[in-house]
$ cat input-v1.cif   # mmCIF, C-alpha atoms and all ligand atoms
data_final
#
loop_
_atom_site.group_PDB
_atom_site.id
_atom_site.type_symbol
_atom_site.label_atom_id
_atom_site.label_comp_id
_atom_site.auth_asym_id
_atom_site.auth_seq_id
_atom_site.Cartn_x
_atom_site.Cartn_y
_atom_site.Cartn_z
ATOM 1 C CA MET N 148 -11.161 -16.113 0.932
ATOM 2 C CA LYS N 149 -7.422 -15.547 1.309
ATOM 3 C CA TYR N 150 -6.304 -11.921 1.354
ATOM 4 C CA GLY N 151 -3.019 -10.721 -0.081
ATOM 5 C CA ILE N 152 -1.397 -8.175 2.190
ATOM 6 C CA ILE N 153 1.466 -6.040 0.931
ATOM 7 C CA GLY N 154 3.019 -4.533 4.031
ATOM 8 C CA GLY N 155 4.827 -1.206 3.951
ATOM 9 C CA SER N 156 7.173 0.594 6.322
ATOM 10 C CA GLY N 157 6.258 -0.511 9.816
ATOM 11 C CA LEU N 158 4.756 -3.742 8.599
ATOM 12 C CA THR N 159 7.821 -5.545 7.309
ATOM 13 C CA LYS N 160 7.318 -8.252 9.895
ATOM 14 C CA PHE N 161 3.845 -9.421 10.820
ATOM 15 C CA ARG N 162 3.868 -10.040 14.550
ATOM 16 C CA ASP N 163 1.656 -12.936 15.753
ATOM 17 C CA LEU N 164 1.022 -14.154 12.236
ATOM 18 C CA LYS N 165 0.742 -17.931 12.416
ATOM 19 C CA ILE N 166 3.050 -18.833 9.574
ATOM 20 C CA GLU N 167 2.076 -21.918 7.560
ATOM 21 C CA HIS N 168 4.785 -21.771 4.910
ATOM 22 C CA ARG N 169 6.960 -19.446 2.850
ATOM 23 C CA GLU N 170 7.011 -19.539 -0.908
ATOM 24 C CA ILE N 171 9.423 -18.077 -3.432
ATOM 25 C CA VAL N 172 7.388 -17.295 -6.535
ATOM 26 C CA LYS N 173 9.151 -17.060 -9.892
ATOM 27 C CA THR N 174 7.637 -14.492 -12.208
ATOM 28 C CA PRO N 175 8.425 -13.364 -15.771
ATOM 29 C CA TYR N 176 9.440 -10.036 -14.208
ATOM 30 C CA GLY N 177 11.970 -11.400 -11.744
ATOM 31 C CA GLU N 178 11.722 -11.829 -8.023
ATOM 32 C CA ALA N 179 9.130 -10.398 -5.686
ATOM 33 C CA SER N 180 10.405 -8.257 -2.804
ATOM 34 C CA ALA N 181 10.640 -11.339 -0.550
ATOM 35 C CA PRO N 182 9.313 -14.891 -0.224
ATOM 36 C CA LEU N 183 5.536 -14.781 0.228
ATOM 37 C CA ILE N 184 4.327 -15.921 3.620
ATOM 38 C CA HIS N 185 1.152 -17.985 3.887
ATOM 39 C CA GLY N 186 -0.372 -17.660 7.301
ATOM 40 C CA ARG N 187 -3.309 -17.040 9.552
ATOM 41 C CA PHE N 188 -4.048 -14.065 11.778
ATOM 42 C CA GLY N 189 -6.964 -15.048 13.996
ATOM 43 C CA ASP N 190 -9.589 -16.300 11.542
ATOM 44 C CA VAL N 191 -8.114 -14.401 8.620
ATOM 45 C CA GLU N 192 -6.204 -16.421 6.048
ATOM 46 C CA LEU N 193 -3.609 -14.392 4.232
ATOM 47 C CA VAL N 194 -0.518 -14.235 2.084
ATOM 48 C CA PHE N 195 1.871 -11.577 3.335
ATOM 49 C CA LEU N 196 4.555 -9.818 1.334
ATOM 50 C CA PRO N 197 6.779 -7.072 2.771
ATOM 51 C CA ARG N 198 6.939 -4.503 -0.053
ATOM 52 C CA HIS N 199 10.378 -3.196 0.897
ATOM 53 C CA GLY N 200 11.837 -6.698 1.309
ATOM 54 C CA SER N 201 12.834 -8.520 4.434
ATOM 55 C CA GLY N 202 14.739 -6.034 6.541
ATOM 56 C CA HIS N 203 13.352 -3.011 4.635
ATOM 57 C CA ARG N 204 16.099 -2.765 2.024
ATOM 58 C CA LEU N 205 14.231 -1.627 -1.115
ATOM 59 C CA PRO N 206 13.443 2.083 -1.586
ATOM 60 C CA PRO N 207 10.054 2.847 -3.190
ATOM 61 C CA HIS N 208 11.442 3.475 -6.706
ATOM 62 C CA SER N 209 13.396 0.181 -6.720
ATOM 63 C CA ILE N 210 10.518 -2.106 -5.743
ATOM 64 C CA ASN N 211 9.641 -4.702 -8.367
ATOM 65 C CA TYR N 212 5.915 -3.895 -8.328
ATOM 66 C CA ARG N 213 5.254 -6.103 -11.344
ATOM 67 C CA ALA N 214 6.788 -9.171 -9.705
ATOM 68 C CA ASN N 215 4.916 -8.507 -6.458
ATOM 69 C CA ILE N 216 1.513 -8.266 -8.124
ATOM 70 C CA TRP N 217 2.240 -11.158 -10.492
ATOM 71 C CA ALA N 218 3.238 -13.346 -7.536
ATOM 72 C CA MET N 219 -0.057 -12.602 -5.760
ATOM 73 C CA LYS N 220 -1.991 -13.468 -8.907
ATOM 74 C CA GLU N 221 0.052 -16.640 -9.397
ATOM 75 C CA LEU N 222 -0.926 -17.785 -5.887
ATOM 76 C CA GLY N 223 -4.608 -17.390 -6.700
ATOM 77 C CA ILE N 224 -5.138 -14.316 -4.541
ATOM 78 C CA ARG N 225 -8.087 -12.201 -5.673
ATOM 79 C CA GLU N 226 -8.093 -9.395 -3.083
ATOM 80 C CA VAL N 227 -4.924 -7.458 -2.280
ATOM 81 C CA ILE N 228 -4.589 -4.895 0.490
ATOM 82 C CA GLY N 229 -1.707 -2.441 0.291
ATOM 83 C CA ILE N 230 -0.643 -1.099 3.665
ATOM 84 C CA ALA N 231 1.006 2.310 3.384
ATOM 85 C CA THR N 232 2.447 4.921 5.683
ATOM 86 C CA VAL N 233 1.821 8.410 4.326
ATOM 87 C CA GLY N 234 2.197 12.089 5.039
ATOM 88 C CA GLY N 235 -1.002 13.978 5.816
ATOM 89 C CA ILE N 236 -2.006 16.975 3.699
ATOM 90 C CA SER N 237 -5.572 17.185 5.026
ATOM 91 C CA SER N 238 -5.513 14.397 7.642
ATOM 92 C CA PRO N 239 -3.434 14.552 10.822
ATOM 93 C CA PRO N 240 -0.831 12.088 12.052
ATOM 94 C CA ASN N 241 -2.360 8.913 13.458
ATOM 95 C CA ALA N 242 -5.352 9.011 11.101
ATOM 96 C CA LEU N 243 -6.297 5.791 9.347
ATOM 97 C CA VAL N 244 -7.527 6.510 5.823
ATOM 98 C CA ILE N 245 -9.002 4.282 3.125
ATOM 99 C CA PRO N 246 -8.355 6.405 0.030
ATOM 100 C CA ASP N 247 -10.700 6.397 -2.953
ATOM 101 C CA GLN N 248 -8.592 8.228 -5.525
ATOM 102 C CA ILE N 249 -4.986 8.543 -6.705
ATOM 103 C CA ILE N 250 -2.881 11.141 -8.479
ATOM 104 C CA ASP N 251 0.331 9.676 -9.854
ATOM 105 C CA TYR N 252 3.459 11.868 -9.733
ATOM 106 C CA THR N 253 5.924 8.968 -10.034
ATOM 107 C CA TRP N 254 8.181 8.518 -13.054
ATOM 108 C CA GLY N 255 10.547 5.974 -14.544
ATOM 109 C CA ARG N 256 8.991 2.943 -12.837
ATOM 110 C CA GLU N 257 8.121 -0.264 -14.683
ATOM 111 C CA GLN N 258 4.426 0.395 -14.567
ATOM 112 C CA THR N 259 2.582 -1.983 -16.846
ATOM 113 C CA PHE N 260 2.157 -5.610 -17.839
ATOM 114 C CA PHE N 261 0.931 -4.348 -21.217
ATOM 115 C CA ASP N 262 4.210 -3.011 -22.565
ATOM 116 C CA GLY N 263 3.516 -4.199 -26.081
ATOM 117 C CA VAL N 264 6.406 -6.684 -26.077
ATOM 118 C CA ASP N 265 4.096 -9.621 -26.774
ATOM 119 C CA GLY N 266 2.024 -7.618 -29.243
ATOM 120 C CA HIS N 267 -0.702 -7.135 -26.663
ATOM 121 C CA VAL N 268 -1.720 -3.567 -25.836
ATOM 122 C CA SER N 269 -4.593 -2.868 -23.511
ATOM 123 C CA HIS N 270 -5.886 0.232 -21.743
ATOM 124 C CA ILE N 271 -7.502 -0.561 -18.420
ATOM 125 C CA ASP N 272 -10.289 1.609 -17.050
ATOM 126 C CA PHE N 273 -8.897 3.374 -13.987
ATOM 127 C CA THR N 274 -11.643 5.913 -13.311
ATOM 128 C CA GLU N 275 -12.031 4.414 -9.852
ATOM 129 C CA PRO N 276 -8.531 3.177 -9.029
ATOM 130 C CA TYR N 277 -9.533 1.204 -5.941
ATOM 131 C CA CYS N 278 -11.836 -1.777 -5.671
ATOM 132 C CA GLU N 279 -14.970 -0.510 -3.930
ATOM 133 C CA SER N 280 -15.994 -3.859 -2.379
ATOM 134 C CA LEU N 281 -12.586 -4.224 -0.727
ATOM 135 C CA ARG N 282 -12.607 -0.582 0.396
ATOM 136 C CA LEU N 283 -15.920 -1.252 2.115
ATOM 137 C CA LYS N 284 -14.526 -4.375 3.809
ATOM 138 C CA LEU N 285 -11.595 -2.327 5.107
ATOM 139 C CA ILE N 286 -13.900 0.411 6.388
ATOM 140 C CA THR N 287 -16.148 -2.131 8.118
ATOM 141 C CA ALA N 288 -13.181 -3.921 9.701
ATOM 142 C CA ALA N 289 -11.614 -0.640 10.851
ATOM 143 C CA THR N 290 -14.889 0.480 12.396
ATOM 144 C CA SER N 291 -15.462 -2.800 14.190
ATOM 145 C CA SER N 292 -11.918 -2.700 15.555
ATOM 146 C CA GLY N 293 -12.738 0.668 17.119
ATOM 147 C CA SER N 294 -10.761 2.893 14.730
ATOM 148 C CA ASN N 295 -12.052 6.246 13.662
ATOM 149 C CA VAL N 296 -11.451 5.629 9.999
ATOM 150 C CA ILE N 297 -11.550 8.289 7.254
ATOM 151 C CA THR N 298 -13.432 6.677 4.405
ATOM 152 C CA GLU N 299 -12.131 8.620 1.413
ATOM 153 C CA GLY N 300 -9.188 10.661 0.286
ATOM 154 C CA VAL N 301 -6.904 11.334 -2.651
ATOM 155 C CA TYR N 302 -3.515 9.616 -2.424
ATOM 156 C CA GLY N 303 -0.768 11.547 -4.243
ATOM 157 C CA ALA N 304 2.024 9.124 -5.166
ATOM 158 C CA THR N 305 5.464 10.761 -5.339
ATOM 159 C CA GLN N 306 8.728 9.335 -6.561
ATOM 160 C CA GLY N 307 10.863 9.634 -3.436
ATOM 161 C CA PRO N 308 12.915 8.500 -1.757
ATOM 162 C CA ARG N 309 13.315 12.081 -0.559
ATOM 163 C CA LEU N 310 10.358 13.762 1.070
ATOM 164 C CA GLU N 311 8.686 16.674 -0.714
ATOM 165 C CA THR N 312 9.367 20.403 -0.659
ATOM 166 C CA ALA N 313 6.785 22.699 0.941
ATOM 167 C CA ALA N 314 5.952 24.084 -2.533
ATOM 168 C CA GLU N 315 5.399 20.591 -3.919
ATOM 169 C CA ILE N 316 2.965 19.894 -1.105
ATOM 170 C CA ARG N 317 1.189 23.243 -1.720
ATOM 171 C CA ARG N 318 0.797 22.211 -5.355
ATOM 172 C CA MET N 319 -0.429 18.766 -4.379
ATOM 173 C CA ARG N 320 -2.977 20.330 -2.049
ATOM 174 C CA GLN N 321 -4.204 22.516 -4.913
ATOM 175 C CA ASP N 322 -4.411 19.402 -7.068
ATOM 176 C CA GLY N 323 -6.736 17.881 -4.463
ATOM 177 C CA CYS N 324 -4.397 15.456 -2.692
ATOM 178 C CA ASP N 325 -5.204 14.561 0.914
ATOM 179 C CA LEU N 326 -2.291 12.196 1.454
ATOM 180 C CA VAL N 327 1.219 11.833 0.100
ATOM 181 C CA GLY N 328 3.071 8.548 -0.171
ATOM 182 C CA MET N 329 5.509 6.801 -2.476
ATOM 183 C CA THR N 330 4.168 3.328 -3.188
ATOM 184 C CA ALA N 331 0.527 3.387 -4.337
ATOM 185 C CA MET N 332 1.667 3.576 -7.935
ATOM 186 C CA PRO N 333 2.130 1.513 -9.963
ATOM 187 C CA GLU N 334 0.932 -1.058 -7.392
ATOM 188 C CA ALA N 335 -2.739 -0.098 -7.805
ATOM 189 C CA SER N 336 -2.759 0.044 -11.612
ATOM 190 C CA LEU N 337 -0.825 -3.209 -11.973
ATOM 191 C CA ALA N 338 -3.362 -4.891 -9.705
ATOM 192 C CA ARG N 339 -6.135 -3.608 -11.988
ATOM 193 C CA GLU N 340 -4.255 -4.833 -15.075
ATOM 194 C CA ALA N 341 -3.930 -8.241 -13.413
ATOM 195 C CA GLY N 342 -7.661 -8.300 -12.645
ATOM 196 C CA LEU N 343 -7.136 -8.193 -8.881
ATOM 197 C CA CYS N 344 -9.316 -6.328 -6.436
ATOM 198 C CA TYR N 345 -6.980 -3.843 -4.699
ATOM 199 C CA ALA N 346 -7.385 -1.258 -1.948
ATOM 200 C CA THR N 347 -5.060 0.694 0.327
ATOM 201 C CA CYS N 348 -5.089 1.143 4.059
ATOM 202 C CA ALA N 349 -3.063 4.291 4.753
ATOM 203 C CA LEU N 350 -1.689 5.345 8.086
ATOM 204 C CA VAL N 351 -0.713 9.008 8.438
ATOM 205 C CA VAL N 352 2.640 9.215 10.207
ATOM 206 C CA ASN N 353 3.571 12.888 9.761
ATOM 207 C CA TRP N 354 2.210 16.178 8.535
ATOM 208 C CA ALA N 355 3.400 16.616 4.935
ATOM 209 C CA ALA N 356 6.235 19.100 4.323
ATOM 210 C CA GLY N 357 5.387 22.685 5.259
ATOM 211 C CA ILE N 358 2.023 21.819 6.846
ATOM 212 C CA GLY N 359 1.559 22.703 10.489
ATOM 213 C CA ASP N 360 4.360 24.455 12.296
ATOM 214 C CA GLU N 361 6.434 21.501 13.321
ATOM 215 C CA GLY N 362 9.462 22.427 11.180
ATOM 216 C CA PRO N 363 11.488 19.687 9.504
ATOM 217 C CA ILE N 364 9.915 16.224 9.352
ATOM 218 C CA SER N 365 11.454 14.070 12.060
ATOM 219 C CA GLN N 366 12.128 10.401 11.379
ATOM 220 C CA GLN N 367 12.005 9.793 15.107
ATOM 221 C CA LEU N 368 8.473 11.187 15.310
ATOM 222 C CA ILE N 369 7.475 9.178 12.221
ATOM 223 C CA ASN N 370 8.728 6.015 13.918
ATOM 224 C CA GLN N 371 6.636 6.777 16.987
ATOM 225 C CA TYR N 372 3.493 7.217 14.883
ATOM 226 C CA ILE N 373 4.296 4.032 12.952
ATOM 227 C CA GLU N 374 4.599 2.061 16.156
ATOM 228 C CA GLN N 375 1.294 3.317 17.559
ATOM 229 C CA GLY N 376 -0.611 3.217 14.286
ATOM 230 C CA MET N 377 0.464 -0.201 13.070
ATOM 231 C CA GLU N 378 -1.359 -1.668 16.051
ATOM 232 C CA SER N 379 -4.607 -0.192 14.620
ATOM 233 C CA VAL N 380 -3.736 -1.651 11.225
ATOM 234 C CA ARG N 381 -3.176 -5.080 12.777
ATOM 235 C CA GLN N 382 -6.517 -4.816 14.601
ATOM 236 C CA LEU N 383 -8.182 -3.920 11.315
ATOM 237 C CA ILE N 384 -6.698 -6.973 9.589
ATOM 238 C CA PHE N 385 -7.802 -9.150 12.521
ATOM 239 C CA LYS N 386 -11.397 -8.011 11.961
ATOM 240 C CA LEU N 387 -11.501 -8.618 8.205
ATOM 241 C CA GLU N 388 -14.407 -10.688 7.006
ATOM 242 C CA GLY N 389 -13.056 -14.266 6.736
HETATM 243 N N1 LIG Y 401 5.813 12.069 1.929
HETATM 244 C C1 LIG Y 401 5.901 10.968 1.142
HETATM 245 N N2 LIG Y 401 5.821 9.739 1.608
HETATM 246 C C2 LIG Y 401 5.644 9.584 2.932
HETATM 247 C C3 LIG Y 401 5.560 10.681 3.806
HETATM 248 C C4 LIG Y 401 5.653 11.990 3.273
HETATM 249 O O1 LIG Y 401 5.576 13.016 3.982
HETATM 250 N N3 LIG Y 401 5.396 10.173 5.061
HETATM 251 C C5 LIG Y 401 5.383 8.814 4.936
HETATM 252 N N4 LIG Y 401 5.527 8.452 3.653
#

$ encode --input "input-v1.cif" --output "structure tokens"
Amino acid sequence: MKYGIIGGSGLTKFRDLKIEHREIVKTPYGEASAPLIHGRFGDVELVFLPRHGSGHRLPPHSINYRANIWAMKELGIREVIGIATVGGISSPPNALVIPDQIIDYTWGREQTFFDGVDGHVSHIDFTEPYCESLRLKLITAATSSGSNVITEGVYGATQGPRLETAAEIRRMRQDGCDLVGMTAMPEASLAREAGLCYATCALVVNWAAGIGDEGPISQQLINQYIEQGMESVRQLIFKLEG
């Protein structure tokens, strides 16, 4: 089984991926963030797509989520893993979390394949936004790679690209969010609309705004956590069931 991996900040390049070939996939929604890379990481066969484009040039609200998911589907991928760096509301920096729920605070993004243009309207069930079988595979792989993984959590998806205010994070905490990030939506719901099995592997790279007493969020500190944590994410991918 080939996995689709959509890499986020910190996973724009996939070090040690044995690249087989690159493929530009045309979709009715335009171009995906980058050519899709077919490759092998240990025994794991995968198709890798850097969400923010090669060289990290696309901010979260400008990503063509529809083209990215369509391209995965077009290549016959059935399981897609979204890698995300997030702020922690209840989990500390460095934690690896496999979320089980989402609250969507994004706006103005192209968020559906069912926009009625072709006369086809459909309402997907999204009670459980993530695919449980893939979540379990991620948890198993994380555990066998030695990570202390947190097996559930609510991902609050914000619009960005700015980070949140302290009051926004207080509200999100009251809403029940454990994590805050900018890319889970509409990636997760489009995957469901496309009939793909989708789950997120989230790496906490900072305390969310106003949490803890660290003052302003430092990009330098975020980069340090990304560097350390992405190694755990790579180990997790290495251990995925082939
Ligand atoms: N907020 C939103 N997105 C993020 C954060 C954050 O604090 N950290 C990493 N991605």

$ closest_residue --input "input-v1.cif" --among "N:Thr330, N:Thr290, N:Ser201, N:Asn211" --to "ligand LIG 401 (chain Y)" --atoms "only C-alpha atoms and all ligand atoms"
N:Thr330

$ closest_residue --input "input-v1.cif" --among "N:Asp163, N:Glu315, N:Glu374, N:Glu388" --to "Leu283 (chain N)" --atoms "only C-alpha atoms"
N:Glu388

$ resolve_selection --input "input-v1.cif" --expression "the PyMOL selection byres (((chain N and resi 350-362) around 10) and not hetatm)" --output "count of residues only"
48

$ atom_distance --input "input-v1.cif" --atom1 "CA of Gly155 (chain N)" --atom2 "CA of Glu167 (chain N)"
21.2 Å

$ axis_aligned_box --input "input-v1.cif" --around "ligand LIG 401 (chain Y)" --padding-each-side "6 Å" --output "JSON"
{"center_x": 5.6, "center_y": 10.7, "center_z": 3.1, "size_x": 12.5, "size_y": 16.6, "size_z": 15.9}
